[in-house]
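Have a look at the structure below before the remarks.
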Amino acid sequence: MLPHTLVNKWVKSLLVLSILTYLLFISKTVSLRGADDDQVFLSIFNSGHIIDILVHRFNSWSGRFSLELLMTSTIGYPILWEVGIPISVAAVCYSCSKISGFRPTVVPFAFALILFATMPYQINIDASWWITGFYNYLLPTAVALYVFSVCYSGEGGSFKKIVCALLCFYFPYMEQAGLAFVVAMIFFICYQGRMLSRFNLVITLLVIINLIICLKAPGNEKRFALEVWRWYPQYQTYGLINKLSLGFDKLHQLMTFRYNIPLIALMISAFYVRCSYSGMRNSTKCALFIIATFISISIANSLTGLFSGGFIFNSATVDATRWSAGKVYISYFYIFAVISSLFLVLIDLVMNAKSNCTPIIAMLIGFMTVTMLGLSPTVYASGYRVDFIFEIMCIISCMSIISSSANGK
């Protein structure tokens, strides 16, 4: 027993050292960009009229008042975001571990960090390592996950609950984080039933109120009209189905990224756990086959790029030159089959008591946060940072499946 104990201590010590090294590396490599939004918000910081400018922006351009207040008040102090970015990464990994059912110890934290570090570079470079992206994506997502983990666990004294209540006036001003939180809390409240916590209800109501304020800000409505003409003039003629189709096109692009390790890890974990016990229906066998092809093609595409632009892994977004190409819709159909197969397997795991509902809800939220981008004319202009929450949901789902399997659920 003693040699095993020593080995475990050495492994954990090595993991702690690796974690600290990675977080320190992040802290030492982030910096303000020489152009774009970093300089815009830095100029507001230096103006001496932060509140006046933000009020004007709230009425004419953006509803993210709370996010921008924190950003413009601190962006001029490098030490704050040099420390804040690695702390936010650590908070995300801690909360993912806790929500997925693990005790927040070194090993699950390290696994969450590995998945976080290996999400597509195009996403992390703008959502985490870009200073403006940190304030608008990483930080509010970390806060939302932390608040949800407190609500989900039911732990925490009065001080922690007060902190969570105050944070509800911050993170809902990042629309995706706020909406994802509300959807997750609605599912959780329904699950609680008569055991409903008044604290959870108050938190949910606070988030809904602040999310509505953000979405209905005068600046958001004015910006929407301006962005239509700037990015997508024909957008105003589209119906709901057309807009959701744009969102699915964005989702299709995300799922065919090279090196999308969190998504691949989720597929592998679902495939492995379902294959570990018998009693498969034909529909489950078909779903597992489709997932197996996706895993194989994703890995091969990541290593070689062989399938990029092909019939079933056509990762380019649709445009005026490609919308009628048959291979676009073949690739659409394949990805839709992969998504359907994933949910079929996840539901099968729940029905056979091999997992809880967390992976299903997390992936519903993940797919929703990407598809809803089609409701904005900047669906393609926002880049890849808007896919950040999807990747976090993949991490939570993957870890939740592994946690349930490890606990013998």
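Labels for the structure tokens follow display order: chains A, B, ..., residues from 1 in each chain, ligands from 1.
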
Open item on the list: Taking 3 positions as the minimum chain separation for residues in the same chain, which residues sit within 12 Å of range 184-191 of chain A when counting only C-alpha atoms? Answer as number ranges by chain.
Closed with: A: 99, 144-145, 147-154, 177-181, 194-208, 356-366, 368, 393

Task: 8 Å contact set for Thr141 in chain A, only C-alpha atoms, chain neighbours under 2 positions out, as a list in words - done: Val92, Tyr137, Leu138, Leu139, Val143, Ala144, Leu145, Phe171, Ala177 and Ile389 of chain A

TODO: Can you list, as JSON, numbers by chain, all residues belonging to range 131-270 of chain A that DSSP tags as alpha helix (DSSP H)?
DONE: {"A": [131, 132, 133, 139, 140, 141, 142, 143, 144, 145, 146, 147, 148, 149, 150, 151, 152, 153, 158, 159, 160, 161, 162, 163, 164, 165, 166, 167, 175, 176, 177, 178, 179, 180, 181, 182, 183, 184, 185, 186, 187, 188, 189, 190, 191, 192, 198, 199, 200, 201, 202, 203, 204, 205, 206, 207, 208, 209, 210, 211, 212, 213, 214, 215, 218, 219, 220, 221, 222, 223, 224, 225, 226, 227, 228, 229, 230, 231, 240, 241, 242, 243, 244, 245, 246, 247, 248, 249, 250, 251, 252, 253, 254, 255, 261, 262, 263, 264, 265, 266, 267, 268, 269, 270]}

Keeping only C-alpha atoms, write those residues as an mmCIF file, in the first residue's frame.
data_model
loop_
_atom_site.group_PDB
_atom_site.id
_atom_site.type_symbol
_atom_site.label_atom_id
_atom_site.label_comp_id
_atom_site.auth_asym_id
_atom_site.auth_seq_id
_atom_site.Cartn_x
_atom_site.Cartn_y
_atom_site.Cartn_z
ATOM 1 C CA ILE A 131 -7.952 40.958 -23.183
ATOM 2 C CA THR A 132 -11.302 42.241 -24.461
ATOM 3 C CA GLY A 133 -12.362 38.626 -25.049
ATOM 4 C CA LEU A 139 -14.689 36.047 -17.090
ATOM 5 C CA PRO A 140 -18.530 36.155 -17.262
ATOM 6 C CA THR A 141 -18.600 32.460 -18.202
ATOM 7 C CA ALA A 142 -16.377 31.631 -15.209
ATOM 8 C CA VAL A 143 -18.652 33.652 -12.930
ATOM 9 C CA ALA A 144 -21.817 32.042 -14.327
ATOM 10 C CA LEU A 145 -20.359 28.560 -13.835
ATOM 11 C CA TYR A 146 -19.350 29.379 -10.279
ATOM 12 C CA VAL A 147 -22.804 30.727 -9.358
ATOM 13 C CA PHE A 148 -24.470 27.690 -10.937
ATOM 14 C CA SER A 149 -22.118 25.316 -9.090
ATOM 15 C CA VAL A 150 -23.161 26.917 -5.795
ATOM 16 C CA CYS A 151 -26.858 26.588 -6.686
ATOM 17 C CA TYR A 152 -26.362 23.049 -7.972
ATOM 18 C CA SER A 153 -24.470 21.778 -4.935
ATOM 19 C CA SER A 158 -24.675 33.356 3.874
ATOM 20 C CA PHE A 159 -21.526 35.078 2.618
ATOM 21 C CA LYS A 160 -21.244 32.860 -0.455
ATOM 22 C CA LYS A 161 -24.933 33.340 -1.239
ATOM 23 C CA ILE A 162 -24.616 37.128 -0.976
ATOM 24 C CA VAL A 163 -21.627 37.042 -3.328
ATOM 25 C CA CYS A 164 -23.610 34.943 -5.817
ATOM 26 C CA ALA A 165 -26.537 37.381 -5.650
ATOM 27 C CA LEU A 166 -24.217 40.312 -6.371
ATOM 28 C CA LEU A 167 -22.607 38.464 -9.292
ATOM 29 C CA GLU A 175 -26.040 37.279 -23.360
ATOM 30 C CA GLN A 176 -24.957 33.689 -24.029
ATOM 31 C CA ALA A 177 -23.829 33.113 -20.444
ATOM 32 C CA GLY A 178 -27.029 34.624 -19.043
ATOM 33 C CA LEU A 179 -29.313 32.601 -21.298
ATOM 34 C CA ALA A 180 -27.368 29.381 -20.708
ATOM 35 C CA PHE A 181 -27.607 29.932 -16.951
ATOM 36 C CA VAL A 182 -31.363 30.544 -17.072
ATOM 37 C CA VAL A 183 -32.007 27.413 -19.132
ATOM 38 C CA ALA A 184 -29.828 25.305 -16.813
ATOM 39 C CA MET A 185 -31.569 26.691 -13.721
ATOM 40 C CA ILE A 186 -35.028 26.048 -15.177
ATOM 41 C CA PHE A 187 -34.128 22.383 -15.693
ATOM 42 C CA PHE A 188 -32.637 22.199 -12.208
ATOM 43 C CA ILE A 189 -35.636 23.887 -10.560
ATOM 44 C CA CYS A 190 -37.981 21.463 -12.329
ATOM 45 C CA TYR A 191 -35.822 18.594 -11.070
ATOM 46 C CA GLN A 192 -35.972 19.932 -7.498
ATOM 47 C CA ARG A 198 -35.801 29.852 -2.449
ATOM 48 C CA PHE A 199 -32.196 30.899 -2.966
ATOM 49 C CA ASN A 200 -32.132 29.217 -6.386
ATOM 50 C CA LEU A 201 -35.406 30.890 -7.320
ATOM 51 C CA VAL A 202 -34.143 34.341 -6.288
ATOM 52 C CA ILE A 203 -30.890 33.848 -8.205
ATOM 53 C CA THR A 204 -32.783 32.785 -11.317
ATOM 54 C CA LEU A 205 -35.120 35.787 -11.133
ATOM 55 C CA LEU A 206 -32.187 38.187 -10.681
ATOM 56 C CA VAL A 207 -30.450 36.738 -13.726
ATOM 57 C CA ILE A 208 -33.622 36.920 -15.832
ATOM 58 C CA ILE A 209 -34.202 40.559 -14.888
ATOM 59 C CA ASN A 210 -30.651 41.597 -15.723
ATOM 60 C CA LEU A 211 -30.646 39.556 -18.926
ATOM 61 C CA ILE A 212 -33.812 41.315 -20.082
ATOM 62 C CA ILE A 213 -32.246 44.705 -19.284
ATOM 63 C CA CYS A 214 -29.234 43.752 -21.393
ATOM 64 C CA LEU A 215 -31.230 42.418 -24.336
ATOM 65 C CA PRO A 218 -31.820 50.936 -26.414
ATOM 66 C CA GLY A 219 -28.288 50.521 -27.740
ATOM 67 C CA ASN A 220 -28.858 46.884 -28.644
ATOM 68 C CA GLU A 221 -31.929 47.693 -30.694
ATOM 69 C CA LYS A 222 -30.170 50.538 -32.511
ATOM 70 C CA ARG A 223 -27.081 48.424 -33.099
ATOM 71 C CA PHE A 224 -29.168 45.579 -34.521
ATOM 72 C CA ALA A 225 -30.566 47.888 -37.205
ATOM 73 C CA LEU A 226 -27.112 49.252 -38.031
ATOM 74 C CA GLU A 227 -25.452 45.826 -38.132
ATOM 75 C CA VAL A 228 -28.037 44.527 -40.600
ATOM 76 C CA TRP A 229 -26.916 47.098 -43.156
ATOM 77 C CA ARG A 230 -23.262 46.734 -42.275
ATOM 78 C CA TRP A 231 -22.921 42.945 -42.375
ATOM 79 C CA LEU A 240 -37.180 32.411 -38.376
ATOM 80 C CA ILE A 241 -36.327 29.191 -40.255
ATOM 81 C CA ASN A 242 -33.785 31.013 -42.431
ATOM 82 C CA LYS A 243 -32.151 32.580 -39.383
ATOM 83 C CA LEU A 244 -31.966 29.285 -37.509
ATOM 84 C CA SER A 245 -30.458 27.753 -40.649
ATOM 85 C CA LEU A 246 -27.646 30.284 -40.419
ATOM 86 C CA GLY A 247 -27.162 29.239 -36.799
ATOM 87 C CA PHE A 248 -26.992 25.581 -37.818
ATOM 88 C CA ASP A 249 -24.429 26.483 -40.480
ATOM 89 C CA LYS A 250 -22.342 28.069 -37.720
ATOM 90 C CA LEU A 251 -22.783 24.933 -35.590
ATOM 91 C CA HIS A 252 -21.800 22.764 -38.545
ATOM 92 C CA GLN A 253 -18.603 24.785 -38.943
ATOM 93 C CA LEU A 254 -17.786 24.347 -35.250
ATOM 94 C CA MET A 255 -18.330 20.581 -35.230
ATOM 95 C CA ILE A 261 -10.486 17.912 -28.590
ATOM 96 C CA PRO A 262 -13.313 18.564 -26.050
ATOM 97 C CA LEU A 263 -15.918 17.483 -28.619
ATOM 98 C CA ILE A 264 -13.912 14.408 -29.617
ATOM 99 C CA ALA A 265 -13.389 13.505 -25.939
ATOM 100 C CA LEU A 266 -17.147 13.776 -25.331
ATOM 101 C CA MET A 267 -17.905 11.476 -28.256
ATOM 102 C CA ILE A 268 -15.288 8.942 -27.126
ATOM 103 C CA SER A 269 -16.553 8.907 -23.528
ATOM 104 C CA ALA A 270 -20.191 8.426 -24.632
#

TODO: Name the residues in contact with Ser405 in chain A at a cut-off of 8 Å, using only C-alpha atoms, excluding same-chain residues fewer than 5 positions from it; report them as a PyMOL selection string.
DONE: chain A and resi 273+354-355

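For range 112-128 of chain A, the list of residues within 7 Å, based on only C-alpha atoms and with local chain neighbours fewer than 2 positions off taken out, reads Cys93, Cys96, Ser97, Pro108, Phe109, Ala110, Trp130, Gly133, Phe134, Tyr137, Leu138, Tyr259, Asn260, Ile261, Pro262, Tyr384, Arg385, Asp387, Phe388, Glu391 and Ile395 of chain A.
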
Open item on the list: Report, in Å with one decimal, the straight-line distance from CA of Val107 in chain A to CA of Tyr272 in chain A.
Closed with: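 For CA of Val107 in chain A relative to CA of Tyr272 in chain A, the distance reads 20.3 Å.
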
Open item on the list: Neighbouring residues of Phe271 in chain A were defined as those with any atom within 8 Å, considering only C-alpha atoms; residues of the same chain fewer than 5 positions away were excluded. Please report them as a ChimeraX atom specification.
Closed with: /A:288,291-292,345

Those selected residues, please, written with all heavy atoms and delivered as a PDB file, in the first residue's frame.
ATOM      1  N   LEU A 288     -24.268   4.447 -32.412  1.00  0.00           N
ATOM      2  CA  LEU A 288     -22.865   4.215 -32.057  1.00  0.00           C
ATOM      3  C   LEU A 288     -21.993   4.132 -33.295  1.00  0.00           C
ATOM      4  O   LEU A 288     -20.842   4.605 -33.290  1.00  0.00           O
ATOM      5  CB  LEU A 288     -22.741   2.930 -31.232  1.00  0.00           C
ATOM      6  CG  LEU A 288     -23.264   3.002 -29.798  1.00  0.00           C
ATOM      7  CD1 LEU A 288     -23.242   1.625 -29.150  1.00  0.00           C
ATOM      8  CD2 LEU A 288     -22.436   3.989 -28.968  1.00  0.00           C
ATOM      9  N   ILE A 291     -21.437   7.698 -34.455  1.00  0.00           N
ATOM     10  CA  ILE A 291     -20.492   8.368 -33.560  1.00  0.00           C
ATOM     11  C   ILE A 291     -19.075   7.857 -33.809  1.00  0.00           C
ATOM     12  O   ILE A 291     -18.105   8.640 -33.803  1.00  0.00           O
ATOM     13  CB  ILE A 291     -20.901   8.149 -32.092  1.00  0.00           C
ATOM     14  CG1 ILE A 291     -22.167   8.941 -31.785  1.00  0.00           C
ATOM     15  CG2 ILE A 291     -19.778   8.555 -31.142  1.00  0.00           C
ATOM     16  CD1 ILE A 291     -22.718   8.729 -30.391  1.00  0.00           C
ATOM     17  N   ALA A 292     -18.928   6.544 -34.048  1.00  0.00           N
ATOM     18  CA  ALA A 292     -17.604   5.972 -34.327  1.00  0.00           C
ATOM     19  C   ALA A 292     -17.013   6.578 -35.599  1.00  0.00           C
ATOM     20  O   ALA A 292     -15.804   6.883 -35.652  1.00  0.00           O
ATOM     21  CB  ALA A 292     -17.705   4.456 -34.451  1.00  0.00           C
ATOM     22  N   VAL A 345     -27.643   8.286 -27.687  1.00  0.00           N
ATOM     23  CA  VAL A 345     -26.761   7.534 -26.792  1.00  0.00           C
ATOM     24  C   VAL A 345     -26.818   8.098 -25.379  1.00  0.00           C
ATOM     25  O   VAL A 345     -26.864   7.351 -24.394  1.00  0.00           O
ATOM     26  CB  VAL A 345     -25.315   7.541 -27.327  1.00  0.00           C
ATOM     27  CG1 VAL A 345     -24.346   6.968 -26.292  1.00  0.00           C
ATOM     28  CG2 VAL A 345     -25.222   6.751 -28.626  1.00  0.00           C
TER      29      VAL A 345
END

TODO: Measuring atom to atom with only C-alpha atoms, identify which of A:Trp61, A:Gly374, A:Phe367, A:Asp348 is nearest to Tyr232 in chain A.
DONE: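 Selected residue with least distance to Tyr232 in chain A: A:Gly374.
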
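Atom to atom, CA of Ser404 in chain A and CA of Ser100 in chain A stand 8.5 Å apart.
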
Open item on the list: With distances taken over only C-alpha atoms, which residue among A:Ile75, A:Ile87, A:Ala337, A:Cys398 lies nearest Ile44 in chain A?
Closed with: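 Of A:Ile75, A:Ile87, A:Ala337, A:Cys398, the one nearest Ile44 in chain A is A:Ile75, counting only C-alpha atoms.
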
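If you look at CA of Tyr77 in chain A and CA of Leu54 in chain A, they are 18.8 Å away from each other.
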
Task: Minimum-distance residue to Asn407 in chain A, chosen among A:Ala353, A:Ile51, A:Ala91, A:Leu15 (using only C-alpha atoms) - done: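 That would be A:Ala353, the residue with the smallest distance to Asn407 in chain A.
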
Hey, which bits of range 287-398 of chain A sit within 12 Å of range 234-238 of chain A, and for each residue what's the closest pair of atoms and how far apart in Å (one decimal), counting only C-alpha atoms, rows by chain and increasing number, as CSV?
residue,atom,partner,partner_atom,distance
A:Gly374,CA,A:Tyr235,CA,9.9
A:Leu375,CA,A:Tyr235,CA,9.5
A:Ser376,CA,A:Tyr235,CA,8.8
A:Pro377,CA,A:Tyr235,CA,6.4
A:Thr378,CA,A:Tyr235,CA,9.8
A:Val379,CA,A:Tyr235,CA,10.5

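Shortest separation to Leu42 in chain A among A:Val83, A:Ile402, A:Met351, A:Leu70 occurs at residue A:Leu70, atoms counted being only C-alpha atoms.
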